[in-house]
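Here is the structure we will look at.
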Amino acid sequence: MKALQRIGAVVWKELRQLRRDRLTFGMIVGIPVLQLLLFGYAINFDVRHLSTAVADMANTSASRQAIQDLAHSQVIDIRHQVRNASELEQLLRQGEITVGIYVPPDFDRRQAQGDRALMQLLADGSDPIVQSAIARLGQSGRVSPYLDRPPRFEIRNFYNPERRSPVNTVPGLIGIILTLTMILFTAVAIVRERERGNLELLITTPIRTPELMLAKILPYVLIGLIQVSLVLALGVALFDIPIRGTLLDVYLVALTFVVANLALGLMISTVADNQFQAMQMTFFILMPSILLSGFMFPFDGMPKPAQWIAEILPMTHFMRLIRGVVLRGADLHELAAEMAILGAFIVFAMSFAILRFSKRLD
């Protein structure tokens with residue numbers, strides 16, 4: 001009986017301690033709710049609304065009706081009208097579209113003869129899920145009232161014609177690894193100094209808050225670039241991953257993303273009261289980053305609210321950058337908007353961390 005009383009006393013103490021720790025208590029409720037919303041609402045294996053551009057060189061009533069039939073499938077969303085196939089390929093390389101529809105000038109003659117493909121579907125095949133969706137679209141056999149027979153398509157898969165999953169996965173793994181390690185390293189940095197009593201010693205030195213923050217992240221920048229080199233080297237050696245862009249662009253993208261994650265980690269370290277809270281907040285960010293960034297599921301197929309959340313996450317923009325450079329051979333000036341967003345995030349996160357750190361000192 002006394003043993004049960006002692007156990008009950010400790011249990012009551014733990015419950016009261018959890019109640020006082022509002023962040024941990026919030027995680028108890030927040031993590032299950034987040035998981036349920038992500039897997040039940042945001043994650044969609046039925047790929048739809050892929051961004052699409054059209055080059056209708058025939059521009060006849062039959063060709064326009066055939067394009068509308070494709071659009072009615074809801075697999076694609078037509079967002080651009082271009083003049084030729086080269087512009088379609090340029091938009092694919094820049095990541096502006098996932099699918100291109102090319103209608104040749106002799107569309108009506110091909111339809112009459114019935115011995116050649118009526119149009120081409122150009123797909124960003126770096127993602128096998130997108131390839132499968134386009135293949136099903138091409139085999140759908142939709143019949144137009146203006147055509148005597150179903151439209152037939154020639155499908156061209158760019159960047160990963162062999163449909164190898166590692167080609168799409170390995171560049172994305174760089175983002176997963178850097179998100180986990182870089183945020184976690186710096187998330188506990190300030191908290192660890194506070195728990196060990198070293199923060200008071202640092203305050204007495206002439207170092208300023210921005211200098212302290214910069215000193216905290218610089219050692220991890222080198223670690224992050226080493227991790228990038230290791231993943232790329234193993235990806236090329238073991239999985240024959242193509243690197244179509246320049247290595248300089250790859251490392252510039254990686255460096256920007258590393259600094260963004262380190263700045264995010266510093267933000268967390270100025271909010272968390274202990275290392276356990278810092279790790280909780282890190283994993284709270286990691287899960288949406290994995291599921292919403294386009295690493296596992298095509299971004300265009302997610303609901304709009306999920307896309308709005310994803311746009312806040314640095315990893316979403318890194319996925320577009322690293323896959324654009326490594327798999328599609330895009331130049332950084334073609335991806336300048338994504339680089340600018342990461343740069344703006346760095347400025348915001350570092351400013352928040354500096355101001356929050358100064359406030360806590362006061």
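By order of appearance in the structure tokens: chains A, B, ..., then residues from 1 within every chain, and ligands from 1 in the order shown.
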Subject >> Contacts of Tyr220 of chain A within 10 Å, only C-alpha atoms, excl. fewer than 2 positions in-chain, as JSON, numbers by chain >> reply: {"A": [181, 182, 185, 186, 215, 216, 217, 218, 222, 223, 224, 225, 226, 258, 259, 262]}
Original post:
Would you give me, as a ChimeraX atom specification, the residues in segment 206-331 of chain A that DSSP reads as alpha helix (DSSP H)?
Top reply: /A:209-239,247-271,275-292,304-312,314-326
Filtered DSSP result for segment 63-290 of chain A, state strand (DSSP E), as a PDB file with C-alpha atoms, in the first residue's frame:
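Saved file selection.pdb follows:
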```
ATOM      1  CA  ILE A  76      -3.097  18.257 -65.552  1.00  0.00           C
ATOM      2  CA  ASP A  77      -3.704  21.986 -65.109  1.00  0.00           C
ATOM      3  CA  ILE A  78      -2.876  24.004 -68.220  1.00  0.00           C
ATOM      4  CA  ARG A  79      -1.062  27.128 -67.052  1.00  0.00           C
ATOM      5  CA  HIS A  80       1.040  28.170 -70.054  1.00  0.00           C
ATOM      6  CA  GLN A  81       0.597  28.502 -73.805  1.00  0.00           C
ATOM      7  CA  VAL A  99       4.033  18.178 -68.245  1.00  0.00           C
ATOM      8  CA  GLY A 100       4.238  19.608 -71.738  1.00  0.00           C
ATOM      9  CA  ILE A 101       1.735  18.932 -74.523  1.00  0.00           C
ATOM     10  CA  TYR A 102       3.040  19.295 -78.079  1.00  0.00           C
ATOM     11  CA  VAL A 103       0.525  19.242 -80.938  1.00  0.00           C
ATOM     12  CA  MET A 119       0.531  14.534 -80.129  1.00  0.00           C
ATOM     13  CA  GLN A 120       3.400  14.279 -77.658  1.00  0.00           C
ATOM     14  CA  LEU A 121       3.297  14.385 -73.874  1.00  0.00           C
ATOM     15  CA  LEU A 122       6.589  15.673 -72.464  1.00  0.00           C
ATOM     16  CA  ALA A 123       6.984  14.717 -68.808  1.00  0.00           C
ATOM     17  CA  ASP A 124       9.456  15.600 -66.084  1.00  0.00           C
ATOM     18  CA  PHE A 153      -0.015  10.028 -77.564  1.00  0.00           C
ATOM     19  CA  GLU A 154       3.715   9.641 -77.755  1.00  0.00           C
ATOM     20  CA  ILE A 155       5.159  10.029 -74.238  1.00  0.00           C
ATOM     21  CA  ARG A 156       8.671  11.404 -73.777  1.00  0.00           C
ATOM     22  CA  ASN A 157      10.085  11.079 -70.280  1.00  0.00           C
ATOM     23  CA  PHE A 158      12.871  13.580 -69.652  1.00  0.00           C
TER      24      PHE A 158
END
```
Original post:
For the atom pair atom CA of Glu334 of chain A and atom CA of Pro171 of chain A, what is the interatomic distance in Å to one decimal place?
Top reply: 18.6 Å
Subject >> Nearest to Phe352 of chain A, chosen from A:Pro210, A:Gln94, A:Leu247, A:Gln277, with only C-alpha atoms counted in the distances >> reply: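 Once distances to Phe352 of chain A are computed over only C-alpha atoms, the minimum belongs to A:Pro210.
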Original post:
Interatomic distance between atom CA of Ile312 of chain A and atom CA of Phe345 of chain A?
Top reply: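 These two atoms are separated by 8.8 Å.
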